[in-house]
Amino acid sequence: MAKDVVVDDLGEVEKDFANLARLAASDSLEDTRLLLARLVRKYRQQRPELAALLDQSLKASQTRSVGNNVLRRGISPPAGEANLPVDGDSRLALIRVFDDRKGLAAPILPPNVQDAIGAIIRERKESSRLAAHGISPTRSAILVGPPGVGKTLSARWIASALDKPLWVLDLTAVMSSLLGKTGNNLRAALDHAKTHGAVLLLDEIDALAKRRSDESDIGELKRLVTVMLQEVDQWPDSGLLLAATNHPELVDPALWRRFDLVLKFDAPDAAAIAMAIERFLGEDLKVFAPWLDVLAAGMQGQSLSDVERSINTLRRGHVLQTASAEKLISGAIGQRQESLSKAERLQLAIELAKAGQHTHVQISQMTGVARDTIRKHAGPSPRQGRGHK
């Protein structure tokens with residue numbers, strides 16, 4: 001009781017350090033780190049020098065902890081760090097780990113997005129240089145765009161370039177049917193990521209941070225928005241917080257202002273699709289080289305993940321010799337005809353005519369473009385003289 005009276009008489013800073021000392025004396029290393037992370041966040045604005053000193057202590061404690069684990073067990077620490085937080089009821093891990101530190105191909109992206117990601121990576125690598133001028137690196141970014149355009153792959157690429165694993169918040173484990181548990185799970189996952197200076201991705205953030213004007217949501221989800229606003233605002237320089245959404249219209253407007261950077265991913269253009277096809281063909285590039293323009297024309301409007309799926313199907317058919325290359329190509333592009341615009345179907349018909357493997361009649365049947373139109377743009381069919389009508 002006397003201890004409580006003494007603590008109550010202390011100022012706010014003294015109370016914080018008394019609690020910190022109590023945790024350190026009890027050998028509660030993980031709790032000590034969590035409190036240090038909270039204090040760094042708390043004092044960053046009002047007492048920046050104190051926050052910087054505490055942040056150094058936090059980083060030093062992480063290094064010692066990893067070193068002690070290696071000495072004690074004689075093995076390397078796991079890629080995603082030990083003791084990932086779990087849901088108290090299901091025991092499911094709240095964080096999934098992608099470890100691409102051994103290497104990852106750079107994603108195919110629009111130049112403006114590629115430049116922005118390059119800037120994020122450079123800022124993190126030269127954070128001490130920025131700090132010397134009182135500047136913080138980009139601490140948070142939200143990735144916006146339709147499915148399959150490279151948002152998650154870009155997050156993995158950023159983490160690998162920084163020689164870190166990517167931690168992804170697992171919504172399945174975080175979302176709980178018990179009132180209040182989802183918020184607790186969210187805070188546990190975020191605190192753990194901050195403690196370890198992680199690159200954390202909040203995928204499908206619209207599920208956690210919906211507009212608070214949405215009357216269809218229960219109060220629990222609205223409280224999560226408040227949690228997210230606070231966390232993005234106070235995210236430490238030592239970590240990088242990324243978020244991704246396919247539905248920006250669902251995200252609470254107040255959250256957009258909290259992120260340092262918004263990266264907009266558009267559907268891939270013709271050049272990106274052509275580049276993706278060449279990459280995904282891999283060892284079979286020489287086999288299908290004569291068909292590259294046809295494939296590129298036939299896959300317009302697809303996402304890069306759809307292109308990869310189609311090319312993998314094509315390669316499997318080639319390896320297993322399920323059909324001739326000509327028929328495999330026809331199958332690969334035939335499934336997408338209805339989604340092509342009139343101009344895209346015409347371009348596909350022209351490329352098929354140039355390839356010289358189909359008659360104008362066959363091309364017309366495949367694309368829906370009239371034979372006269374094909375002849376007008378591509379000239380006579382090279383196969384007409386070989387008995388094809």
# chains A, B, ... in the order shown; residues from 1 in each chain; ligands from 1
>>> closest_atom_pairs(of="range 207-268 of chain A", to="range 146-152 of chain A", cutoff="12 Å", atoms="only C-alpha atoms", output="Markdown table")
| residue | atom | partner | partner_atom | distance |
| --- | --- | --- | --- | --- |
| A:Leu242 | CA | A:Thr152 | CA | 9.7 |
| A:Ala243 | CA | A:Lys151 | CA | 9.2 |
| A:Ala244 | CA | A:Lys151 | CA | 6.7 |
| A:Thr245 | CA | A:Pro146 | CA | 8.1 |
| A:Asn246 | CA | A:Pro146 | CA | 5.0 |
| A:His247 | CA | A:Pro146 | CA | 7.8 |
| A:Pro248 | CA | A:Pro146 | CA | 9.7 |
| A:Val262 | CA | A:Lys151 | CA | 11.9 |
| A:Leu263 | CA | A:Lys151 | CA | 9.2 |
| A:Lys264 | CA | A:Lys151 | CA | 9.3 |
| A:Phe265 | CA | A:Val149 | CA | 6.5 |
| A:Asp266 | CA | A:Val149 | CA | 7.1 |
| A:Ala267 | CA | A:Val149 | CA | 6.2 |
| A:Pro268 | CA | A:Val149 | CA | 7.0 |
>>> write_last_selection(atoms="N, CA and C atoms", output="PDB file, in the first residue's frame")
ATOM      1  N   LEU A 242       2.604  -0.785 -43.686  1.00  0.00           N
ATOM      2  CA  LEU A 242       1.986  -0.766 -45.000  1.00  0.00           C
ATOM      3  C   LEU A 242       0.548  -1.264 -44.886  1.00  0.00           C
ATOM      4  N   ALA A 243      -0.316  -0.754 -45.716  1.00  0.00           N
ATOM      5  CA  ALA A 243      -1.701  -1.222 -45.771  1.00  0.00           C
ATOM      6  C   ALA A 243      -2.075  -1.382 -47.238  1.00  0.00           C
ATOM      7  N   ALA A 244      -3.046  -2.251 -47.501  1.00  0.00           N
ATOM      8  CA  ALA A 244      -3.492  -2.469 -48.880  1.00  0.00           C
ATOM      9  C   ALA A 244      -5.002  -2.613 -48.913  1.00  0.00           C
ATOM     10  N   THR A 245      -5.609  -2.102 -49.974  1.00  0.00           N
ATOM     11  CA  THR A 245      -7.055  -2.226 -50.122  1.00  0.00           C
ATOM     12  C   THR A 245      -7.441  -2.287 -51.593  1.00  0.00           C
ATOM     13  N   ASN A 246      -8.445  -3.131 -51.889  1.00  0.00           N
ATOM     14  CA  ASN A 246      -9.052  -3.151 -53.216  1.00  0.00           C
ATOM     15  C   ASN A 246     -10.270  -2.243 -53.278  1.00  0.00           C
ATOM     16  N   HIS A 247     -10.704  -1.753 -52.110  1.00  0.00           N
ATOM     17  CA  HIS A 247     -11.950  -0.970 -52.028  1.00  0.00           C
ATOM     18  C   HIS A 247     -11.695   0.329 -51.256  1.00  0.00           C
ATOM     19  N   PRO A 248     -11.016   1.289 -51.869  1.00  0.00           N
ATOM     20  CA  PRO A 248     -10.713   2.536 -51.166  1.00  0.00           C
ATOM     21  C   PRO A 248     -11.955   3.296 -50.734  1.00  0.00           C
ATOM     22  N   VAL A 262       0.371   7.550 -50.306  1.00  0.00           N
ATOM     23  CA  VAL A 262      -0.660   6.738 -50.948  1.00  0.00           C
ATOM     24  C   VAL A 262      -0.127   6.312 -52.317  1.00  0.00           C
ATOM     25  N   LEU A 263      -0.032   4.999 -52.536  1.00  0.00           N
ATOM     26  CA  LEU A 263       0.458   4.467 -53.801  1.00  0.00           C
ATOM     27  C   LEU A 263      -0.713   3.869 -54.573  1.00  0.00           C
ATOM     28  N   LYS A 264      -0.990   4.392 -55.755  1.00  0.00           N
ATOM     29  CA  LYS A 264      -2.121   3.919 -56.559  1.00  0.00           C
ATOM     30  C   LYS A 264      -1.627   2.989 -57.656  1.00  0.00           C
ATOM     31  N   PHE A 265      -2.103   1.749 -57.615  1.00  0.00           N
ATOM     32  CA  PHE A 265      -1.741   0.727 -58.588  1.00  0.00           C
ATOM     33  C   PHE A 265      -2.859   0.621 -59.624  1.00  0.00           C
ATOM     34  N   ASP A 266      -2.541   0.936 -60.877  1.00  0.00           N
ATOM     35  CA  ASP A 266      -3.528   0.820 -61.949  1.00  0.00           C
ATOM     36  C   ASP A 266      -3.412  -0.548 -62.620  1.00  0.00           C
ATOM     37  N   ALA A 267      -4.418  -0.907 -63.398  1.00  0.00           N
ATOM     38  CA  ALA A 267      -4.348  -2.128 -64.182  1.00  0.00           C
ATOM     39  C   ALA A 267      -3.158  -2.037 -65.137  1.00  0.00           C
ATOM     40  N   PRO A 268      -2.464  -3.145 -65.396  1.00  0.00           N
ATOM     41  CA  PRO A 268      -1.259  -3.090 -66.241  1.00  0.00           C
ATOM     42  C   PRO A 268      -1.571  -2.689 -67.669  1.00  0.00           C
TER      43      PRO A 268
END
>>> residues_around(residues="Leu153 in chain A", least_positions_apart="5", cutoff="10 Å", atoms="only C-alpha atoms", output="VMD selection string")
chain A and resid 104 to 108 148 158 to 159
>>> atom_distance(atom1="CA of Val199 in chain A", atom2="CA of Phe17 in chain A")
28.3 Å
>>> residues_around(residues="Leu200 in chain A", least_positions_apart="4", cutoff="9 Å", atoms="only C-alpha atoms", output="count of residues only")
15
>>> residues_around(residues="Ala297 in chain A", least_positions_apart="5", cutoff="8 Å", atoms="only C-alpha atoms", output="number ranges by chain")
A: 270, 344-345, 347-348, 351
>>> residues_around(residues="Ser136 in chain A", least_positions_apart="4", cutoff="9 Å", atoms="only C-alpha atoms", output="list in words")
Glu123, Ser127, Leu130, Ala131 and Asp237 of chain A
>>> write_last_selection(atoms="N, CA and C atoms", output="PDB file, in the first residue's frame")
ATOM      1  N   GLU A 123      15.110   5.651 -48.299  1.00  0.00           N
ATOM      2  CA  GLU A 123      14.941   6.389 -47.041  1.00  0.00           C
ATOM      3  C   GLU A 123      15.226   5.505 -45.832  1.00  0.00           C
ATOM      4  N   SER A 127      18.288   6.140 -43.127  1.00  0.00           N
ATOM      5  CA  SER A 127      17.511   6.818 -42.089  1.00  0.00           C
ATOM      6  C   SER A 127      18.396   7.638 -41.149  1.00  0.00           C
ATOM      7  N   LEU A 130      19.012  10.974 -42.660  1.00  0.00           N
ATOM      8  CA  LEU A 130      17.834  11.827 -42.507  1.00  0.00           C
ATOM      9  C   LEU A 130      17.710  12.323 -41.070  1.00  0.00           C
ATOM     10  N   ALA A 131      17.962  11.428 -40.120  1.00  0.00           N
ATOM     11  CA  ALA A 131      17.840  11.792 -38.707  1.00  0.00           C
ATOM     12  C   ALA A 131      18.804  12.908 -38.329  1.00  0.00           C
ATOM     13  N   ASP A 237       9.564   5.341 -36.087  1.00  0.00           N
ATOM     14  CA  ASP A 237      10.460   5.394 -37.237  1.00  0.00           C
ATOM     15  C   ASP A 237      11.172   4.063 -37.464  1.00  0.00           C
TER      16      ASP A 237
END
>>> closest_residue(among="A:Leu36, A:Ile273, A:Leu229, A:Val97", to="Lys164 in chain A", atoms="only C-alpha atoms")
A:Val97
>>> select_by_dssp(residues="range 211-320 of chain A", states="strand (DSSP E)", output="list of chain:residue names")
A:Leu240, A:Leu241, A:Leu242, A:Ala243, A:Ala244, A:Thr245, A:Leu261, A:Val262, A:Leu263, A:Lys264
>>> closest_residue(among="A:Ala323, A:Ala141, A:Leu328, A:Val40", to="Ile311 in chain A", atoms="only C-alpha atoms")
A:Leu328
>>> residues_around(residues="Ala274 in chain A", least_positions_apart="2", cutoff="8 Å", atoms="only C-alpha atoms", output="VMD selection string")
chain A and resid 270 to 272 276 to 278 292 to 293 296
>>> write_last_selection(atoms="N, CA and C atoms", output="PDB file, in the first residue's frame")
ATOM      1  N   ALA A 270      -0.281  -2.356 -71.863  1.00  0.00           N
ATOM      2  CA  ALA A 270       0.181  -3.352 -72.832  1.00  0.00           C
ATOM      3  C   ALA A 270       1.658  -3.697 -72.628  1.00  0.00           C
ATOM      4  N   ALA A 271       2.478  -2.688 -72.340  1.00  0.00           N
ATOM      5  CA  ALA A 271       3.911  -2.934 -72.148  1.00  0.00           C
ATOM      6  C   ALA A 271       4.159  -3.813 -70.926  1.00  0.00           C
ATOM      7  N   ALA A 272       3.421  -3.552 -69.851  1.00  0.00           N
ATOM      8  CA  ALA A 272       3.585  -4.345 -68.626  1.00  0.00           C
ATOM      9  C   ALA A 272       3.155  -5.791 -68.845  1.00  0.00           C
ATOM     10  N   ALA A 276       5.448  -9.060 -68.521  1.00  0.00           N
ATOM     11  CA  ALA A 276       5.052 -10.134 -67.605  1.00  0.00           C
ATOM     12  C   ALA A 276       5.030 -11.478 -68.324  1.00  0.00           C
ATOM     13  N   ILE A 277       4.514 -11.509 -69.554  1.00  0.00           N
ATOM     14  CA  ILE A 277       4.453 -12.760 -70.314  1.00  0.00           C
ATOM     15  C   ILE A 277       5.861 -13.322 -70.518  1.00  0.00           C
ATOM     16  N   GLU A 278       6.797 -12.473 -70.905  1.00  0.00           N
ATOM     17  CA  GLU A 278       8.173 -12.932 -71.105  1.00  0.00           C
ATOM     18  C   GLU A 278       8.762 -13.484 -69.813  1.00  0.00           C
ATOM     19  N   LEU A 292       4.551 -14.256 -78.950  1.00  0.00           N
ATOM     20  CA  LEU A 292       4.541 -13.248 -77.883  1.00  0.00           C
ATOM     21  C   LEU A 292       3.536 -12.127 -78.159  1.00  0.00           C
ATOM     22  N   ASP A 293       3.537 -11.617 -79.380  1.00  0.00           N
ATOM     23  CA  ASP A 293       2.621 -10.515 -79.705  1.00  0.00           C
ATOM     24  C   ASP A 293       1.165 -10.977 -79.636  1.00  0.00           C
ATOM     25  N   ALA A 296       0.267 -11.276 -75.948  1.00  0.00           N
ATOM     26  CA  ALA A 296       0.117  -9.937 -75.355  1.00  0.00           C
ATOM     27  C   ALA A 296      -1.200  -9.299 -75.774  1.00  0.00           C
TER      28      ALA A 296
END
>>> residues_around(residues="Ile329 in chain A", least_positions_apart="4", cutoff="8 Å", atoms="only C-alpha atoms", output="count of residues only")
5
>>> select_by_dssp(residues="range 88-323 of chain A", states="alpha helix (DSSP H)", output="MDAnalysis selection string")
chainID A and resid 111:125 127:131 151:161 171:174 181:195 219:233 253:258 270:281 285:288 292:298 304:320
>>> atom_distance(atom1="CA of Arg101 in chain A", atom2="CA of Arg156 in chain A")
9.4 Å
